[in-house]
>>> print(open('my_file_37.pdb').read())   # PDB, C-alpha atoms
ATOM      1  CA  MET P   1    -114.449-247.308-168.695  1.00  0.00           C
ATOM      2  CA  THR P   2    -110.839-246.665-169.629  1.00  0.00           C
ATOM      3  CA  VAL P   3    -108.131-246.053-167.065  1.00  0.00           C
ATOM      4  CA  THR P   4    -105.898-243.103-167.851  1.00  0.00           C
ATOM      5  CA  ASP P   5    -102.148-243.393-167.470  1.00  0.00           C
ATOM      6  CA  ASN P   6    -102.078-239.921-165.963  1.00  0.00           C
ATOM      7  CA  LYS P   7    -102.676-239.226-162.321  1.00  0.00           C
ATOM      8  CA  VAL P   8    -106.111-237.767-161.611  1.00  0.00           C
ATOM      9  CA  VAL P   9    -107.025-235.020-159.139  1.00  0.00           C
ATOM     10  CA  LEU P  10    -110.395-233.751-157.967  1.00  0.00           C
ATOM     11  CA  ILE P  11    -110.434-230.086-156.915  1.00  0.00           C
ATOM     12  CA  THR P  12    -113.559-228.726-155.249  1.00  0.00           C
ATOM     13  CA  GLY P  13    -114.487-225.067-155.452  1.00  0.00           C
ATOM     14  CA  ALA P  14    -112.426-224.942-158.622  1.00  0.00           C
ATOM     15  CA  ALA P  15    -114.310-222.444-160.769  1.00  0.00           C
ATOM     16  CA  ARG P  16    -112.220-219.510-159.608  1.00  0.00           C
ATOM     17  CA  GLY P  17    -109.581-218.314-157.166  1.00  0.00           C
ATOM     18  CA  ILE P  18    -107.223-220.773-155.521  1.00  0.00           C
ATOM     19  CA  GLY P  19    -109.153-223.737-156.920  1.00  0.00           C
ATOM     20  CA  LEU P  20    -108.830-222.632-160.527  1.00  0.00           C
ATOM     21  CA  ALA P  21    -105.177-221.696-160.061  1.00  0.00           C
ATOM     22  CA  THR P  22    -104.608-225.179-158.639  1.00  0.00           C
ATOM     23  CA  ALA P  23    -106.273-226.797-161.647  1.00  0.00           C
ATOM     24  CA  LYS P  24    -103.902-224.938-163.966  1.00  0.00           C
ATOM     25  CA  VAL P  25    -100.845-226.000-161.967  1.00  0.00           C
ATOM     26  CA  PHE P  26    -101.877-229.678-161.978  1.00  0.00           C
ATOM     27  CA  LEU P  27    -102.568-229.585-165.725  1.00  0.00           C
ATOM     28  CA  ARG P  28     -99.141-228.087-166.322  1.00  0.00           C
ATOM     29  CA  ASP P  29     -97.682-230.984-164.341  1.00  0.00           C
ATOM     30  CA  GLY P  30     -99.405-233.580-166.554  1.00  0.00           C
ATOM     31  CA  TRP P  31    -102.371-234.564-164.397  1.00  0.00           C
ATOM     32  CA  ASP P  32    -105.944-235.136-165.530  1.00  0.00           C
ATOM     33  CA  VAL P  33    -108.091-232.678-163.602  1.00  0.00           C
ATOM     34  CA  CYS P  34    -111.663-232.798-162.332  1.00  0.00           C
ATOM     35  CA  ILE P  35    -113.008-229.381-161.374  1.00  0.00           C
ATOM     36  CA  LEU P  36    -116.103-229.324-159.184  1.00  0.00           C
ATOM     37  CA  ASP P  37    -118.153-226.269-158.260  1.00  0.00           C
ATOM     38  CA  ASN P  38    -121.737-225.375-157.344  1.00  0.00           C
ATOM     39  CA  ASN P  39    -121.859-222.327-159.648  1.00  0.00           C
ATOM     40  CA  LYS P  40    -122.776-223.431-163.167  1.00  0.00           C
ATOM     41  CA  THR P  41    -121.832-220.169-164.827  1.00  0.00           C
ATOM     42  CA  THR P  42    -118.348-219.777-163.404  1.00  0.00           C
ATOM     43  CA  LEU P  43    -117.729-223.516-163.788  1.00  0.00           C
ATOM     44  CA  ALA P  44    -118.491-223.332-167.511  1.00  0.00           C
ATOM     45  CA  GLU P  45    -116.213-220.309-167.843  1.00  0.00           C
ATOM     46  CA  ALA P  46    -113.411-222.140-166.017  1.00  0.00           C
ATOM     47  CA  GLU P  47    -113.788-225.223-168.207  1.00  0.00           C
ATOM     48  CA  SER P  48    -113.696-223.092-171.337  1.00  0.00           C
ATOM     49  CA  GLY P  49    -110.647-221.193-170.121  1.00  0.00           C
ATOM     50  CA  LEU P  50    -108.708-224.360-169.380  1.00  0.00           C
ATOM     51  CA  ASN P  51    -109.394-225.451-172.971  1.00  0.00           C
ATOM     52  CA  LEU P  52    -108.118-229.003-172.538  1.00  0.00           C
ATOM     53  CA  SER P  53    -111.299-231.052-172.839  1.00  0.00           C
ATOM     54  CA  ASN P  54    -109.527-234.417-172.927  1.00  0.00           C
ATOM     55  CA  ASN P  55    -107.785-233.727-169.647  1.00  0.00           C
ATOM     56  CA  VAL P  56    -110.519-231.815-167.816  1.00  0.00           C
ATOM     57  CA  LEU P  57    -113.837-232.981-166.397  1.00  0.00           C
ATOM     58  CA  ALA P  58    -116.153-230.276-165.075  1.00  0.00           C
ATOM     59  CA  ILE P  59    -118.722-231.362-162.490  1.00  0.00           C
ATOM     60  CA  HIS P  60    -121.551-229.201-161.210  1.00  0.00           C
ATOM     61  CA  ALA P  61    -122.296-230.290-157.644  1.00  0.00           C
ATOM     62  CA  ASP P  62    -122.708-229.179-154.045  1.00  0.00           C
ATOM     63  CA  VAL P  63    -120.111-230.712-151.726  1.00  0.00           C
ATOM     64  CA  SER P  64    -122.515-230.567-148.779  1.00  0.00           C
ATOM     65  CA  ASP P  65    -124.978-232.945-150.481  1.00  0.00           C
ATOM     66  CA  PRO P  66    -124.039-236.635-149.982  1.00  0.00           C
ATOM     67  CA  ASP P  67    -125.906-237.822-153.075  1.00  0.00           C
ATOM     68  CA  GLN P  68    -124.327-235.208-155.321  1.00  0.00           C
ATOM     69  CA  VAL P  69    -120.875-236.050-153.968  1.00  0.00           C
ATOM     70  CA  SER P  70    -121.390-239.761-154.604  1.00  0.00           C
ATOM     71  CA  GLU P  71    -122.630-239.104-158.139  1.00  0.00           C
ATOM     72  CA  SER P  72    -119.614-236.877-158.804  1.00  0.00           C
ATOM     73  CA  ILE P  73    -117.152-239.592-157.845  1.00  0.00           C
ATOM     74  CA  ASP P  74    -118.999-242.044-160.105  1.00  0.00           C
ATOM     75  CA  LYS P  75    -118.538-239.593-163.000  1.00  0.00           C
ATOM     76  CA  ILE P  76    -114.802-239.412-162.310  1.00  0.00           C
ATOM     77  CA  VAL P  77    -114.463-243.187-162.271  1.00  0.00           C
ATOM     78  CA  ASP P  78    -116.479-243.501-165.495  1.00  0.00           C
ATOM     79  CA  ARG P  79    -114.298-240.894-167.226  1.00  0.00           C
ATOM     80  CA  PHE P  80    -110.809-241.619-165.918  1.00  0.00           C
ATOM     81  CA  GLY P  81    -111.005-244.944-164.055  1.00  0.00           C
ATOM     82  CA  ARG P  82    -108.954-243.757-161.112  1.00  0.00           C
ATOM     83  CA  LEU P  83    -108.412-241.002-158.574  1.00  0.00           C
ATOM     84  CA  ASP P  84    -105.063-240.133-157.027  1.00  0.00           C
ATOM     85  CA  ALA P  85    -105.627-236.855-155.211  1.00  0.00           C
ATOM     86  CA  LEU P  86    -108.424-234.852-153.640  1.00  0.00           C
ATOM     87  CA  VAL P  87    -108.140-231.138-152.924  1.00  0.00           C
ATOM     88  CA  ASN P  88    -110.889-230.014-150.559  1.00  0.00           C
ATOM     89  CA  ASN P  89    -110.885-226.351-151.494  1.00  0.00           C
ATOM     90  CA  ALA P  90    -114.597-225.415-151.600  1.00  0.00           C
ATOM     91  CA  GLY P  91    -115.415-222.926-148.898  1.00  0.00           C
ATOM     92  CA  ILE P  92    -117.664-220.012-148.007  1.00  0.00           C
ATOM     93  CA  ALA P  93    -117.457-217.259-145.407  1.00  0.00           C
ATOM     94  CA  ASN P  94    -119.319-214.432-143.805  1.00  0.00           C
ATOM     95  CA  PHE P  95    -118.032-211.643-141.602  1.00  0.00           C
ATOM     96  CA  LYS P  96    -120.167-211.490-138.475  1.00  0.00           C
ATOM     97  CA  THR P  97    -119.695-211.689-134.726  1.00  0.00           C
ATOM     98  CA  ILE P  98    -121.063-214.459-132.490  1.00  0.00           C
ATOM     99  CA  ARG P  99    -124.097-212.368-131.574  1.00  0.00           C
ATOM    100  CA  GLU P 100    -124.846-211.450-135.190  1.00  0.00           C
ATOM    101  CA  THR P 101    -124.457-214.927-136.699  1.00  0.00           C
ATOM    102  CA  SER P 102    -127.716-216.836-137.078  1.00  0.00           C
ATOM    103  CA  PHE P 103    -127.813-220.592-136.669  1.00  0.00           C
ATOM    104  CA  ALA P 104    -128.786-220.908-140.341  1.00  0.00           C
ATOM    105  CA  GLU P 105    -125.657-218.973-141.346  1.00  0.00           C
ATOM    106  CA  TRP P 106    -123.546-221.070-138.987  1.00  0.00           C
ATOM    107  CA  ARG P 107    -124.889-224.316-140.476  1.00  0.00           C
ATOM    108  CA  GLU P 108    -124.449-223.110-144.067  1.00  0.00           C
ATOM    109  CA  ILE P 109    -120.761-222.456-143.472  1.00  0.00           C
ATOM    110  CA  MET P 110    -120.223-225.717-141.581  1.00  0.00           C
ATOM    111  CA  ALA P 111    -122.025-227.661-144.302  1.00  0.00           C
ATOM    112  CA  THR P 112    -119.680-226.467-147.027  1.00  0.00           C
ATOM    113  CA  ASN P 113    -116.424-225.984-145.126  1.00  0.00           C
ATOM    114  CA  LEU P 114    -116.494-229.059-142.878  1.00  0.00           C
ATOM    115  CA  ASP P 115    -119.228-231.448-144.006  1.00  0.00           C
ATOM    116  CA  GLY P 116    -118.029-231.084-147.606  1.00  0.00           C
ATOM    117  CA  PRO P 117    -114.461-232.289-146.997  1.00  0.00           C
ATOM    118  CA  PHE P 118    -115.781-235.136-144.848  1.00  0.00           C
ATOM    119  CA  LEU P 119    -118.215-236.288-147.536  1.00  0.00           C
ATOM    120  CA  CYS P 120    -115.772-235.900-150.429  1.00  0.00           C
ATOM    121  CA  SER P 121    -113.008-237.721-148.581  1.00  0.00           C
ATOM    122  CA  GLN P 122    -115.314-240.526-147.551  1.00  0.00           C
ATOM    123  CA  ALA P 123    -116.464-240.998-151.162  1.00  0.00           C
ATOM    124  CA  CYS P 124    -112.951-240.804-152.638  1.00  0.00           C
ATOM    125  CA  VAL P 125    -111.188-243.234-150.306  1.00  0.00           C
ATOM    126  CA  PRO P 126    -112.448-246.483-151.913  1.00  0.00           C
ATOM    127  CA  VAL P 127    -111.413-245.266-155.372  1.00  0.00           C
ATOM    128  CA  MET P 128    -107.967-244.192-154.141  1.00  0.00           C
ATOM    129  CA  GLU P 129    -107.497-247.564-152.458  1.00  0.00           C
ATOM    130  CA  LYS P 130    -108.072-249.358-155.747  1.00  0.00           C
ATOM    131  CA  SER P 131    -105.440-247.120-157.353  1.00  0.00           C
ATOM    132  CA  GLY P 132    -102.905-248.040-154.684  1.00  0.00           C
ATOM    133  CA  GLY P 133    -103.304-244.983-152.479  1.00  0.00           C
ATOM    134  CA  GLY P 134    -103.399-241.244-152.888  1.00  0.00           C
ATOM    135  CA  SER P 135    -103.387-237.858-151.244  1.00  0.00           C
ATOM    136  CA  ILE P 136    -105.920-235.574-149.602  1.00  0.00           C
ATOM    137  CA  VAL P 137    -105.096-231.895-149.216  1.00  0.00           C
ATOM    138  CA  ASN P 138    -107.529-229.826-147.173  1.00  0.00           C
ATOM    139  CA  ILE P 139    -107.496-226.064-147.680  1.00  0.00           C
ATOM    140  CA  THR P 140    -108.021-224.553-144.259  1.00  0.00           C
ATOM    141  CA  SER P 141    -107.108-220.978-143.362  1.00  0.00           C
ATOM    142  CA  ILE P 142    -104.957-218.950-141.063  1.00  0.00           C
ATOM    143  CA  SER P 143    -108.334-218.082-139.504  1.00  0.00           C
ATOM    144  CA  GLY P 144    -108.398-221.591-138.056  1.00  0.00           C
ATOM    145  CA  LEU P 145    -105.251-220.758-136.089  1.00  0.00           C
ATOM    146  CA  ARG P 146    -105.792-217.094-135.236  1.00  0.00           C
ATOM    147  CA  ALA P 147    -109.199-215.865-134.092  1.00  0.00           C
ATOM    148  CA  SER P 148    -110.585-212.651-135.509  1.00  0.00           C
ATOM    149  CA  THR P 149    -113.498-210.446-134.535  1.00  0.00           C
ATOM    150  CA  LEU P 150    -115.728-211.380-137.478  1.00  0.00           C
ATOM    151  CA  GLY P 151    -114.740-214.992-138.087  1.00  0.00           C
ATOM    152  CA  VAL P 152    -116.679-217.116-135.599  1.00  0.00           C
ATOM    153  CA  ALA P 153    -118.268-219.513-138.093  1.00  0.00           C
ATOM    154  CA  TYR P 154    -115.560-219.458-140.748  1.00  0.00           C
ATOM    155  CA  GLY P 155    -112.637-219.741-138.335  1.00  0.00           C
ATOM    156  CA  THR P 156    -114.276-222.506-136.334  1.00  0.00           C
ATOM    157  CA  SER P 157    -115.034-224.500-139.477  1.00  0.00           C
ATOM    158  CA  LYS P 158    -111.410-224.219-140.596  1.00  0.00           C
ATOM    159  CA  ALA P 159    -110.101-225.236-137.175  1.00  0.00           C
ATOM    160  CA  GLY P 160    -112.326-228.311-137.377  1.00  0.00           C
ATOM    161  CA  LEU P 161    -110.949-229.087-140.819  1.00  0.00           C
ATOM    162  CA  MET P 162    -107.431-229.054-139.390  1.00  0.00           C
ATOM    163  CA  HIS P 163    -108.357-231.777-136.920  1.00  0.00           C
ATOM    164  CA  LEU P 164    -110.203-233.746-139.594  1.00  0.00           C
ATOM    165  CA  THR P 165    -106.900-233.775-141.493  1.00  0.00           C
ATOM    166  CA  LYS P 166    -105.177-235.494-138.572  1.00  0.00           C
ATOM    167  CA  GLN P 167    -107.981-238.037-138.305  1.00  0.00           C
ATOM    168  CA  GLN P 168    -107.668-238.800-142.013  1.00  0.00           C
ATOM    169  CA  ALA P 169    -103.908-239.233-141.761  1.00  0.00           C
ATOM    170  CA  VAL P 170    -104.159-241.592-138.793  1.00  0.00           C
ATOM    171  CA  GLU P 171    -106.995-243.685-140.184  1.00  0.00           C
ATOM    172  CA  LEU P 172    -105.951-243.876-143.846  1.00  0.00           C
ATOM    173  CA  GLY P 173    -102.172-244.185-143.681  1.00  0.00           C
ATOM    174  CA  GLU P 174    -102.246-247.967-143.696  1.00  0.00           C
ATOM    175  CA  VAL P 175    -104.003-248.017-147.064  1.00  0.00           C
ATOM    176  CA  GLY P 176    -101.519-245.605-148.608  1.00  0.00           C
ATOM    177  CA  ILE P 177    -103.564-242.423-148.399  1.00  0.00           C
ATOM    178  CA  ARG P 178    -101.842-239.334-147.024  1.00  0.00           C
ATOM    179  CA  ALA P 179    -103.699-236.306-145.665  1.00  0.00           C
ATOM    180  CA  ASN P 180    -102.319-232.830-145.121  1.00  0.00           C
ATOM    181  CA  ALA P 181    -103.688-229.324-144.738  1.00  0.00           C
ATOM    182  CA  ILE P 182    -102.667-225.966-146.085  1.00  0.00           C
ATOM    183  CA  ALA P 183    -103.568-222.782-144.226  1.00  0.00           C
ATOM    184  CA  PRO P 184    -103.351-219.822-146.601  1.00  0.00           C
ATOM    185  CA  GLY P 185    -102.797-216.406-145.130  1.00  0.00           C
ATOM    186  CA  PRO P 186    -104.120-213.285-146.874  1.00  0.00           C
ATOM    187  CA  VAL P 187    -104.205-214.033-150.612  1.00  0.00           C
ATOM    188  CA  ASN P 188    -105.031-211.812-153.571  1.00  0.00           C
ATOM    189  CA  THR P 189    -108.298-213.545-154.373  1.00  0.00           C
ATOM    190  CA  ALA P 190    -111.389-211.863-155.803  1.00  0.00           C
ATOM    191  CA  MET P 191    -112.971-212.002-152.343  1.00  0.00           C
ATOM    192  CA  ALA P 192    -110.010-210.262-150.700  1.00  0.00           C
ATOM    193  CA  LEU P 193    -109.906-207.583-153.368  1.00  0.00           C
ATOM    194  CA  LYS P 194    -113.610-206.954-152.796  1.00  0.00           C
ATOM    195  CA  VAL P 195    -113.722-206.762-148.991  1.00  0.00           C
ATOM    196  CA  HIS P 196    -110.240-205.550-147.995  1.00  0.00           C
ATOM    197  CA  ASP P 197    -109.998-201.798-148.340  1.00  0.00           C
ATOM    198  CA  ALA P 198    -106.707-199.906-148.386  1.00  0.00           C
ATOM    199  CA  ALA P 199    -106.514-199.635-144.592  1.00  0.00           C
ATOM    200  CA  ILE P 200    -107.090-203.369-144.101  1.00  0.00           C
ATOM    201  CA  ARG P 201    -104.515-204.236-146.725  1.00  0.00           C
ATOM    202  CA  GLN P 202    -101.945-201.977-145.100  1.00  0.00           C
ATOM    203  CA  ALA P 203    -102.626-203.543-141.712  1.00  0.00           C
ATOM    204  CA  TYR P 204    -102.051-207.004-143.176  1.00  0.00           C
ATOM    205  CA  HIS P 205     -98.852-205.857-144.872  1.00  0.00           C
ATOM    206  CA  ASP P 206     -97.590-204.563-141.537  1.00  0.00           C
ATOM    207  CA  ALA P 207     -98.333-207.907-139.841  1.00  0.00           C
ATOM    208  CA  ILE P 208     -96.876-210.179-142.536  1.00  0.00           C
ATOM    209  CA  PRO P 209     -93.077-210.551-142.510  1.00  0.00           C
ATOM    210  CA  SER P 210     -93.090-210.914-146.298  1.00  0.00           C
ATOM    211  CA  ASN P 211     -94.921-207.551-146.400  1.00  0.00           C
ATOM    212  CA  ARG P 212     -97.407-208.574-149.074  1.00  0.00           C
ATOM    213  CA  TYR P 213    -100.425-210.710-149.857  1.00  0.00           C
ATOM    214  CA  GLY P 214     -99.843-214.157-151.312  1.00  0.00           C
ATOM    215  CA  MET P 215    -100.708-215.109-154.872  1.00  0.00           C
ATOM    216  CA  GLU P 216    -103.154-217.851-155.770  1.00  0.00           C
ATOM    217  CA  GLU P 217    -100.457-219.658-157.734  1.00  0.00           C
ATOM    218  CA  GLU P 218     -98.237-219.810-154.639  1.00  0.00           C
ATOM    219  CA  ILE P 219    -100.926-221.706-152.755  1.00  0.00           C
ATOM    220  CA  ALA P 220    -101.458-223.948-155.783  1.00  0.00           C
ATOM    221  CA  GLU P 221     -97.783-224.902-155.948  1.00  0.00           C
ATOM    222  CA  ALA P 222     -97.852-226.000-152.306  1.00  0.00           C
ATOM    223  CA  ILE P 223    -100.962-228.095-152.991  1.00  0.00           C
ATOM    224  CA  LEU P 224     -99.270-229.792-155.941  1.00  0.00           C
ATOM    225  CA  PHE P 225     -96.214-230.598-153.837  1.00  0.00           C
ATOM    226  CA  LEU P 226     -98.258-232.230-151.075  1.00  0.00           C
ATOM    227  CA  SER P 227    -100.213-234.223-153.676  1.00  0.00           C
ATOM    228  CA  SER P 228     -97.089-235.469-155.430  1.00  0.00           C
ATOM    229  CA  ASP P 229     -94.700-238.331-154.773  1.00  0.00           C
ATOM    230  CA  LYS P 230     -92.179-235.750-153.579  1.00  0.00           C
ATOM    231  CA  ALA P 231     -94.237-235.579-150.375  1.00  0.00           C
ATOM    232  CA  SER P 232     -94.528-239.358-150.012  1.00  0.00           C
ATOM    233  CA  PHE P 233     -93.563-239.398-146.298  1.00  0.00           C
ATOM    234  CA  ILE P 234     -95.521-236.283-145.291  1.00  0.00           C
ATOM    235  CA  THR P 235     -98.915-236.849-143.704  1.00  0.00           C
ATOM    236  CA  GLY P 236    -100.975-235.371-140.896  1.00  0.00           C
ATOM    237  CA  GLN P 237     -99.293-231.988-141.274  1.00  0.00           C
ATOM    238  CA  LEU P 238    -100.487-228.407-141.460  1.00  0.00           C
ATOM    239  CA  ILE P 239     -98.454-226.021-143.579  1.00  0.00           C
ATOM    240  CA  SER P 240     -99.162-222.311-143.287  1.00  0.00           C
ATOM    241  CA  VAL P 241     -98.562-220.689-146.670  1.00  0.00           C
ATOM    242  CA  ASP P 242     -98.815-217.172-145.370  1.00  0.00           C
ATOM    243  CA  GLY P 243     -95.604-215.194-145.760  1.00  0.00           C
ATOM    244  CA  GLY P 244     -94.861-215.734-142.067  1.00  0.00           C
ATOM    245  CA  PHE P 245     -98.138-214.248-140.820  1.00  0.00           C
ATOM    246  CA  GLU P 246     -98.930-217.028-138.336  1.00  0.00           C
ATOM    247  CA  ALA P 247     -95.382-217.021-136.956  1.00  0.00           C
ATOM    248  CA  SER P 248     -95.237-213.288-136.277  1.00  0.00           C
ATOM    249  CA  GLY P 249     -96.047-211.820-132.859  1.00  0.00           C
ATOM    250  CA  ILE P 250     -97.418-208.531-131.683  1.00  0.00           C
ATOM    251  CA  GLY P 251     -95.451-205.360-132.175  1.00  0.00           C
ATOM    252  CA  LEU P 252     -93.939-206.311-135.515  1.00  0.00           C
ATOM    253  CA  PRO P 253     -94.784-203.032-137.297  1.00  0.00           C
ATOM    254  CA  ASP P 254     -93.127-201.011-134.519  1.00  0.00           C
ATOM    255  CA  LEU P 255     -90.040-203.214-134.594  1.00  0.00           C
ATOM    256  CA  ARG P 256     -89.645-202.510-138.298  1.00  0.00           C
ATOM    257  CA  LYS P 257     -89.485-198.755-137.783  1.00  0.00           C
TER     258      LYS P 257
END
>>> encode(input="my_file_37.pdb", output="C-alpha cells")
Amino acid sequence: MTVTDNKVVLITGAARGIGLATAKVFLRDGWDVCILDNNKTTLAEAESGLNLSNNVLAIHADVSDPDQVSESIDKIVDRFGRLDALVNNAGIANFKTIRETSFAEWREIMATNLDGPFLCSQACVPVMEKSGGGSIVNITSISGLRASTLGVAYGTSKAGLMHLTKQQAVELGEVGIRANAIAPGPVNTAMALKVHDAAIRQAYHDAIPSNRYGMEEEIAEAILFLSSDKASFITGQLISVDGGFEASGIGLPDLRK
C-alpha cells in the first residue's frame, strides 16, 4: 500500500448526475477520486469518461449492504492509503402518496437514502481518523424541508439524513471530522428532465427567486467547498443550494407581476 500525497474523496452514486459532476470538480481541484455506484454499466462509462486512471478508482457496490461498503473502503485504503472526504450522494426516489407506497418501496428508499450514508460514514470514520480528520457531506434535498404530495418516502428519508448530519458533527468533531449537508433544489439532472414536463418546470421557475433550475456543477462546487480546508470551521450545517426556493413564501409569482 502506498499513501498518495493528494487528498482522497469517495463519492457514492457517482456514475451520473450530481455525483459525476462532483467527481469532475474534485479531479480539477487535484484530488484523487473514488466513484462508487451500483450500476455497472454507467459506472464503467463514467470511469472511461473521466479518463484519469491513476487518479480514479471505480467501485461497483450497493451502499445499503454493510459487507459491500466495508469491502469498498478496504479497496480505497489498498489503492490510496487514506481518505479525506466522503460525499454521500447515492439516492433513489419514487413519486407516490402515503396510501400508494408499499412497505417494500418505503424500505428500498430508506435503505439507500438513509442506511447508505450511515453505513458509509461508519466505515469511513476510522480511515479518516488515521489521516488526521476529514469531511462528510450528505446530499439531502429540498424535499426534506418542504413536503410535497408525492414525496412521502423520499422526503422523509432526506429529512432523516439532515438529522444524521447533526449527529455526525456532534459525535465526530473531536476527532477532526466535520459533517455538513447540502439540500439541492430543482436541478437539471437526467431524472428531472425525464419527469418534469413543461408545466411542472414553469411552476418551479415561478417559485424559485433565481427563476431557473440549478446546474449539477453548481451543486458540485458547493460540495467541494464544504470538503475543503476553506470550510474548516463549518460543521453541523445544512446549506440549501436552490436558487432561493426554500426561502421563498407563497404568492411569489403574483408579486412578480
>>> resolve_selection(input="my_file_37.pdb", expression="the PyMOL selection byres ((chain P and resi 82-84) around 6)", output="PyMOL selection string")
chain P and resi 7-9+77+80-81+85+128+134
>>> atom_distance(input="my_file_37.pdb", atom1="atom CA of Phe245 of chain P", atom2="atom CA of Ile92 of chain P")
21.6 Å
>>> atom_distance(input="my_file_37.pdb", atom1="atom CA of Val170 of chain P", atom2="atom CA of Glu108 of chain P")
27.9 Å
>>> closest_residue(input="my_file_37.pdb", among="P:Leu193, P:Val63, P:Ala159, P:Leu10", to="Ala111 of chain P", atoms="only C-alpha atoms")
P:Val63
>>> residues_around(input="my_file_37.pdb", residues="Asn6 of chain P", least_positions_apart="3", cutoff="9 Å", atoms="only C-alpha atoms", output="list of chain:residue names")
P:Val3, P:Gly30, P:Trp31, P:Asp32, P:Phe80
>>> atom_distance(input="my_file_37.pdb", atom1="atom CA of Asn55 of chain P", atom2="atom CA of Asn39 of chain P")
20.7 Å
>>> residues_around(input="my_file_37.pdb", residues="Leu238 of chain P", least_positions_apart="2", cutoff="8 Å", atoms="all atoms listed in the file", output="CSV table (one decimal) with C-alpha atoms, in the frame of the given file")
chain,number,residue,atom,x,y,z
P,162,MET,CA,-107.4,-229.1,-139.4
P,180,ASN,CA,-102.3,-232.8,-145.1
P,181,ALA,CA,-103.7,-229.3,-144.7
P,182,ILE,CA,-102.7,-226.0,-146.1
P,183,ALA,CA,-103.6,-222.8,-144.2
P,236,GLY,CA,-101.0,-235.4,-140.9
P,240,SER,CA,-99.2,-222.3,-143.3
>>> closest_residue(input="my_file_37.pdb", among="P:Leu86, P:Val187, P:Cys34, P:Leu164", to="Ser135 of chain P", atoms="only C-alpha atoms")
P:Leu86
>>> closest_residue(input="my_file_37.pdb", among="P:Leu36, P:Ile136, P:Leu57, P:Ala147", to="Thr97 of chain P", atoms="all atoms listed in the file")
P:Ala147
>>> closest_residue(input="my_file_37.pdb", among="P:Leu20, P:Val87, P:Ile98, P:Asp74", to="Val56 of chain P", atoms="all atoms listed in the file")
P:Leu20
>>> residues_near_point(input="my_file_37.pdb", point="(-94.6, -214.6, -140.3)", cutoff="10 Å", atoms="all atoms listed in the file", output="list in words")
Gly185, Ala207, Ile208, Pro209, Ser210, Asn211, Ser240, Val241, Asp242, Gly243, Gly244, Phe245, Glu246, Ala247, Ser248, Gly249 and Leu252 of chain P
>>> write_last_selection(input="my_file_37.pdb", atoms="C-alpha atoms", output="compact mmCIF listing (two decimals), in the frame of the given file")
# COMPACT_ATOMS: atom_id res chain seq x y z
CA GLY P 185 -102.80 -216.41 -145.13
CA ALA P 207 -98.33 -207.91 -139.84
CA ILE P 208 -96.88 -210.18 -142.54
CA PRO P 209 -93.08 -210.55 -142.51
CA SER P 210 -93.09 -210.91 -146.30
CA ASN P 211 -94.92 -207.55 -146.40
CA SER P 240 -99.16 -222.31 -143.29
CA VAL P 241 -98.56 -220.69 -146.67
CA ASP P 242 -98.82 -217.17 -145.37
CA GLY P 243 -95.60 -215.19 -145.76
CA GLY P 244 -94.86 -215.73 -142.07
CA PHE P 245 -98.14 -214.25 -140.82
CA GLU P 246 -98.93 -217.03 -138.34
CA ALA P 247 -95.38 -217.02 -136.96
CA SER P 248 -95.24 -213.29 -136.28
CA GLY P 249 -96.05 -211.82 -132.86
CA LEU P 252 -93.94 -206.31 -135.51
